[in-house]
Amino acid sequence: MKFVFAYDVRIEQVRGTEQYYHNYFDYTVWQRYLEVCEKLAIVTRVVEVGENEPRLNRKISSGPNVSFHNVPSISNPVSQLTKRKEVTRILEEQLQDADGLIARLPSEIGTVAIGVAKRLGKPWAVEVVGHAWDALMNHGSWQGKCYAPIMTWRTKNAVRQAPYALYVTRAFLQHHYPSWGYHINCSNVEVPPVPQQVLDHRLKRLDEHTDGWQTVGIVGSLASNNKGVDTAIEALSMLKGQMLRLRVLGEGDKGKWIELAERWGVADRVEFCDPVPSGEEVFRWLDDLDFYMQPSFQEGLPRALIEAMSRALPAIGSTAGGIPELLPEEWIFRAGDAAGLAEKMQLMTNNLDMRRNAAAANFATAQQYTKDVLDKRRTAFWQSFKEEAVRRSILSNPGMVKG
């Protein structure tokens with residue numbers, strides 16, 4: 001059985017080899033789907049890099065029974081007109097002999113893939129991982145703002161008709177993108193089982209670190225405004241009397257953010273760290289923080305926040321996406337409200353008991369997102385989709401049934 005996975009992401013290929021890399025979509029992600037299918041065709045954007053050239057991604061994405069099929073970007077009006085036909089052709093080639101489609105939304109490639117699957121009579125399912133409106137309105141370009149209502153409508157329409165829908169939130173995305181089909185909530189974020197010692201170590205650190213500088217961190221891309229780094233920098237400038245510094249871990253151009261920190265007079269208290277692969281290196285980076293924040297303008301269910309919570313970090317988050325599903329109301333502020341964030345930061349910095357309580361509560365919540373818990377739920381959903389694909393295959397090929 002073969003499934004096609006369609007999404008708009010940028011995967012790096014070492015030129016002349018079958019080695020593909022992506023820090024999030026590594027081979028372990030594809031194994032979720034390979035639990036129920038023998039072959040998985042990834043249709044997305046592929047960028048070649050030389051063997052000795054620096055790569056943005058360091059985790060291996062390629063592996064047995066996974067193939068990659070490059071399509072051009074169709075994320076702007078010009079490419080929509082000039083490249084859509086090529087994208088459609090490549091999707092048709094892969095779906096012709098496939099048993100089903102998994103389209104991750106919102107994405108242009110995923111939306112086009114759904115249209116092709118419907119035309120070919122192939123079973124299809126969607127993974128709803130973000131809010132198109134928030135993502136495009138806060139991307140930072142006028143084109144994004146103009147396109148936001150169109151992409152939101154297209155995503156709503158696709159999800160509403162989806163026979164199978166997997167949401168990464170418990171309620172937020174379901175409210176904005178309801179589905180008429182069989183649907184479940186299951187985060188696409190998973191953390192390894194975390195021993196009790198992690199919480200013990202965190203509480204000990206909090207008890208011992210009662211004065212001096214404290215460090216708050218953010219993990220997120222610097223390529224757009226979606227992660228709220230500007231809100232964090234402005235909020236930090238309102239706390240000049242506090243011994244508080246900010247660290248930001250993420251890929252993208254640091255230049256404009258360094259300039260912003262300089263304009264707010266906090267450049268000496270903000271550090272932009274080079275990206276590291278997800279997993280152990282990110283956990284070590286998180287363990288060196290005193291608390292964490294997710295000041296995003298747009299989210300599904302943020303992986304970085306769940307990972308921080310799994311390290312028993314106290315955390316502050318905005319109202320974006322599924323963040324309020326993870327944190328108690330006392331640590332939530334309105335997205336974009338720098339003064340509101342500064343108030344939460346000051347409270348977190350000055351109140352040891354609240355930091356201890358937040359650490360323990362976050363650690364407990366993160367246990368709901370461990371790999372063993374989510375794998376069972378996710379595999380059962382995809383097994384149901386597989387059974388539908390098998391049924392459809394039998395109906396379309398009566399000769400397969402022996403009587």
# chains A, B, ... in the order shown; residues from 1 in each chain; ligands from 1
call {"tool": "select_by_dssp", "arguments": {"residues": "range 66-278 of chain A", "states": "strand (DSSP E or B)", "output": "ChimeraX atom specification"}}
result
/A:66-70,100-105,124-128,164-167,182-185,191,214-219,244-249,270-273
call {"tool": "residues_around", "arguments": {"residues": "Asp290 in chain A", "least_positions_apart": "4", "cutoff": "12 Å", "atoms": "only C-alpha atoms", "output": "PyMOL selection string"}}
result
chain A and resi 202-218+244-247+285-286+308-309+311-316+345+348-350+352+355-356+358-359
call {"tool": "write_last_selection", "arguments": {"atoms": "C-alpha atoms", "output": "tab-separated table (two decimals), in the first residue's frame"}}
result
chain	number	residue	atom	x	y	z
A	202	ARG	CA	14.41	21.81	37.93
A	203	LEU	CA	12.98	22.36	41.41
A	204	LYS	CA	16.44	22.16	42.93
A	205	ARG	CA	17.72	24.71	40.42
A	206	LEU	CA	14.83	27.05	41.24
A	207	ASP	CA	15.50	26.77	44.98
A	208	GLU	CA	19.22	27.43	44.59
A	209	HIS	CA	18.89	30.26	42.05
A	210	THR	CA	17.14	32.81	44.25
A	211	ASP	CA	19.03	35.93	43.14
A	212	GLY	CA	21.15	37.14	40.24
A	213	TRP	CA	20.38	37.03	36.53
A	214	GLN	CA	17.54	34.93	35.16
A	215	THR	CA	17.26	33.76	31.55
A	216	VAL	CA	14.04	33.40	29.57
A	217	GLY	CA	14.05	31.64	26.20
A	218	ILE	CA	12.10	31.39	22.95
A	244	LEU	CA	16.58	39.38	33.13
A	245	ARG	CA	17.98	38.37	29.74
A	246	LEU	CA	16.44	36.79	26.65
A	247	ARG	CA	17.77	33.97	24.48
A	285	TRP	CA	19.53	24.38	25.60
A	286	LEU	CA	16.19	24.45	27.41
A	308	ALA	CA	9.97	23.19	27.31
A	309	MET	CA	7.19	21.95	29.57
A	311	ARG	CA	11.83	19.89	30.88
A	312	ALA	CA	9.72	21.24	33.78
A	313	LEU	CA	10.24	24.83	32.71
A	314	PRO	CA	7.80	27.43	34.00
A	315	ALA	CA	6.27	29.07	30.92
A	316	ILE	CA	4.30	32.06	29.65
A	345	MET	CA	7.55	38.13	33.04
A	348	MET	CA	7.44	34.95	37.00
A	349	THR	CA	10.82	36.50	37.84
A	350	ASN	CA	9.89	37.71	41.31
A	352	LEU	CA	9.63	31.61	43.45
A	355	ARG	CA	7.71	29.29	39.38
A	356	ARG	CA	7.83	26.05	41.37
A	358	ALA	CA	4.30	26.21	37.19
A	359	ALA	CA	7.25	23.84	36.77
call {"tool": "residues_around", "arguments": {"residues": "Asn23 in chain A", "least_positions_apart": "2", "cutoff": "6 Å", "atoms": "only C-alpha atoms", "output": "PyMOL selection string"}}
result
chain A and resi 57-59+277
call {"tool": "write_last_selection", "arguments": {"atoms": "N, CA and C atoms", "output": "mmCIF file, in the first residue's frame"}}
result
data_model
loop_
_atom_site.group_PDB
_atom_site.id
_atom_site.type_symbol
_atom_site.label_atom_id
_atom_site.label_comp_id
_atom_site.auth_asym_id
_atom_site.auth_seq_id
_atom_site.Cartn_x
_atom_site.Cartn_y
_atom_site.Cartn_z
ATOM 1 N N ASN A 57 19.338 22.244 7.744
ATOM 2 C CA ASN A 57 18.784 21.075 8.416
ATOM 3 C C ASN A 57 19.857 20.021 8.631
ATOM 4 N N ARG A 58 19.808 19.371 9.793
ATOM 5 C CA ARG A 58 20.841 18.399 10.135
ATOM 6 C C ARG A 58 20.293 17.011 10.457
ATOM 7 N N LYS A 59 18.966 16.866 10.547
ATOM 8 C CA LYS A 59 18.395 15.557 10.858
ATOM 9 C C LYS A 59 18.001 14.851 9.565
ATOM 10 N N PRO A 277 19.770 20.786 16.115
ATOM 11 C CA PRO A 277 18.746 19.781 15.792
ATOM 12 C C PRO A 277 17.804 19.553 16.967
#
call {"tool": "closest_residue", "arguments": {"among": "A:Cys37, A:Ala339, A:Val116, A:Val87", "to": "Trp382 in chain A", "atoms": "only C-alpha atoms"}}
result
A:Cys37
call {"tool": "atom_distance", "arguments": {"atom1": "CA of Ser224 in chain A", "atom2": "CA of Gly322 in chain A"}}
result
19.4 Å
call {"tool": "closest_residue", "arguments": {"among": "A:Ala103, A:Val71, A:Ala366, A:Val9", "to": "Gly115 in chain A", "atoms": "only C-alpha atoms"}}
result
A:Ala103
call {"tool": "closest_residue", "arguments": {"among": "A:Gly100, A:Ile306, A:Thr155, A:Gln346", "to": "Gln242 in chain A", "atoms": "only C-alpha atoms"}}
result
A:Gln346
call {"tool": "residues_around", "arguments": {"residues": "range 177-189 of chain A", "least_positions_apart": "4", "cutoff": "8 Å", "atoms": "only C-alpha atoms", "output": "ChimeraX atom specification"}}
result
/A:129,155-156,159-170,173,301-303,306,369,374,377-378,381
call {"tool": "write_last_selection", "arguments": {"atoms": "C-alpha atoms", "output": "PDB file, in the first residue's frame"}}
result
ATOM      1  CA  VAL A 129      -1.844  21.907  11.986  1.00  0.00           C
ATOM      2  CA  THR A 155      -8.778  25.539   4.095  1.00  0.00           C
ATOM      3  CA  LYS A 156     -12.214  25.683   5.749  1.00  0.00           C
ATOM      4  CA  VAL A 159     -11.437  20.413   6.044  1.00  0.00           C
ATOM      5  CA  ARG A 160     -15.232  20.559   6.085  1.00  0.00           C
ATOM      6  CA  GLN A 161     -15.386  18.010   3.257  1.00  0.00           C
ATOM      7  CA  ALA A 162     -12.556  15.812   4.543  1.00  0.00           C
ATOM      8  CA  PRO A 163     -13.629  12.192   5.148  1.00  0.00           C
ATOM      9  CA  TYR A 164     -10.830  11.946   7.735  1.00  0.00           C
ATOM     10  CA  ALA A 165      -9.361  14.825   9.730  1.00  0.00           C
ATOM     11  CA  LEU A 166      -6.666  14.813  12.390  1.00  0.00           C
ATOM     12  CA  TYR A 167      -6.358  18.010  14.435  1.00  0.00           C
ATOM     13  CA  VAL A 168      -3.288  18.858  16.517  1.00  0.00           C
ATOM     14  CA  THR A 169      -5.381  20.850  19.030  1.00  0.00           C
ATOM     15  CA  ARG A 170      -8.168  19.769  21.353  1.00  0.00           C
ATOM     16  CA  LEU A 173      -8.578  24.430  15.183  1.00  0.00           C
ATOM     17  CA  LEU A 301      -0.060  23.370  19.106  1.00  0.00           C
ATOM     18  CA  PRO A 302       3.535  24.566  19.573  1.00  0.00           C
ATOM     19  CA  ARG A 303       6.130  21.844  19.712  1.00  0.00           C
ATOM     20  CA  ILE A 306       5.559  21.268  24.910  1.00  0.00           C
ATOM     21  CA  TYR A 369       2.331  14.254  24.809  1.00  0.00           C
ATOM     22  CA  LEU A 374       0.270   9.612  21.095  1.00  0.00           C
ATOM     23  CA  ARG A 377      -4.047   7.159  19.198  1.00  0.00           C
ATOM     24  CA  ARG A 378      -2.482   8.249  15.920  1.00  0.00           C
ATOM     25  CA  PHE A 381      -6.674   6.757  13.251  1.00  0.00           C
TER      26      PHE A 381
END
call {"tool": "atom_distance", "arguments": {"atom1": "CA of Thr82 in chain A", "atom2": "CA of Leu136 in chain A"}}
result
21.5 Å
call {"tool": "atom_distance", "arguments": {"atom1": "CA of Asn52 in chain A", "atom2": "CA of Gln13 in chain A"}}
result
12.2 Å
call {"tool": "select_by_dssp", "arguments": {"residues": "range 26-61 of chain A", "states": "alpha helix (DSSP H)", "output": "PyMOL selection string"}}
result
chain A and resi 27-34
call {"tool": "closest_atom_pairs", "arguments": {"of": "range 210-262 of chain A", "to": "range 296-300 of chain A", "cutoff": "12 Å", "atoms": "only C-alpha atoms", "output": "JSON lines"}}
result
{"residue": "A:Ile218", "atom": "CA", "partner": "A:Ser296", "partner_atom": "CA", "distance": 9.8}
{"residue": "A:Val219", "atom": "CA", "partner": "A:Ser296", "partner_atom": "CA", "distance": 10.4}
{"residue": "A:Gly220", "atom": "CA", "partner": "A:Ser296", "partner_atom": "CA", "distance": 9.0}
{"residue": "A:Ser221", "atom": "CA", "partner": "A:Ser296", "partner_atom": "CA", "distance": 10.7}
{"residue": "A:Leu222", "atom": "CA", "partner": "A:Ser296", "partner_atom": "CA", "distance": 11.7}
{"residue": "A:Ser224", "atom": "CA", "partner": "A:Phe297", "partner_atom": "CA", "distance": 10.5}
{"residue": "A:Asn225", "atom": "CA", "partner": "A:Phe297", "partner_atom": "CA", "distance": 7.8}
{"residue": "A:Asn226", "atom": "CA", "partner": "A:Phe297", "partner_atom": "CA", "distance": 5.1}
{"residue": "A:Lys227", "atom": "CA", "partner": "A:Ser296", "partner_atom": "CA", "distance": 4.1}
{"residue": "A:Gly228", "atom": "CA", "partner": "A:Ser296", "partner_atom": "CA", "distance": 4.5}
{"residue": "A:Val229", "atom": "CA", "partner": "A:Ser296", "partner_atom": "CA", "distance": 7.8}
{"residue": "A:Asp230", "atom": "CA", "partner": "A:Ser296", "partner_atom": "CA", "distance": 9.8}
{"residue": "A:Thr231", "atom": "CA", "partner": "A:Ser296", "partner_atom": "CA", "distance": 8.6}
{"residue": "A:Ala232", "atom": "CA", "partner": "A:Ser296", "partner_atom": "CA", "distance": 9.5}
call {"tool": "write_last_selection", "arguments": {"atoms": "C-alpha atoms", "output": "PDB file, in the first residue's frame"}}
result
ATOM      1  CA  ILE A 218      12.102  31.386  22.949  1.00  0.00           C
ATOM      2  CA  VAL A 219      12.433  28.671  20.300  1.00  0.00           C
ATOM      3  CA  GLY A 220      11.138  29.663  16.874  1.00  0.00           C
ATOM      4  CA  SER A 221      11.950  30.723  13.346  1.00  0.00           C
ATOM      5  CA  LEU A 222      13.248  34.244  12.763  1.00  0.00           C
ATOM      6  CA  SER A 224       8.726  35.863   9.903  1.00  0.00           C
ATOM      7  CA  ASN A 225       6.979  37.801  12.661  1.00  0.00           C
ATOM      8  CA  ASN A 226       4.786  34.852  13.667  1.00  0.00           C
ATOM      9  CA  LYS A 227       6.754  33.844  16.752  1.00  0.00           C
ATOM     10  CA  GLY A 228       6.346  37.204  18.507  1.00  0.00           C
ATOM     11  CA  VAL A 229      10.040  37.892  19.015  1.00  0.00           C
ATOM     12  CA  ASP A 230       9.298  41.606  18.568  1.00  0.00           C
ATOM     13  CA  THR A 231       6.749  41.445  21.410  1.00  0.00           C
ATOM     14  CA  ALA A 232       9.321  39.737  23.650  1.00  0.00           C
TER      15      ALA A 232
END
call {"tool": "residues_around", "arguments": {"residues": "range 45-47 of chain A", "least_positions_apart": "6", "cutoff": "10 Å", "atoms": "only C-alpha atoms", "output": "count of residues only"}}
result
20
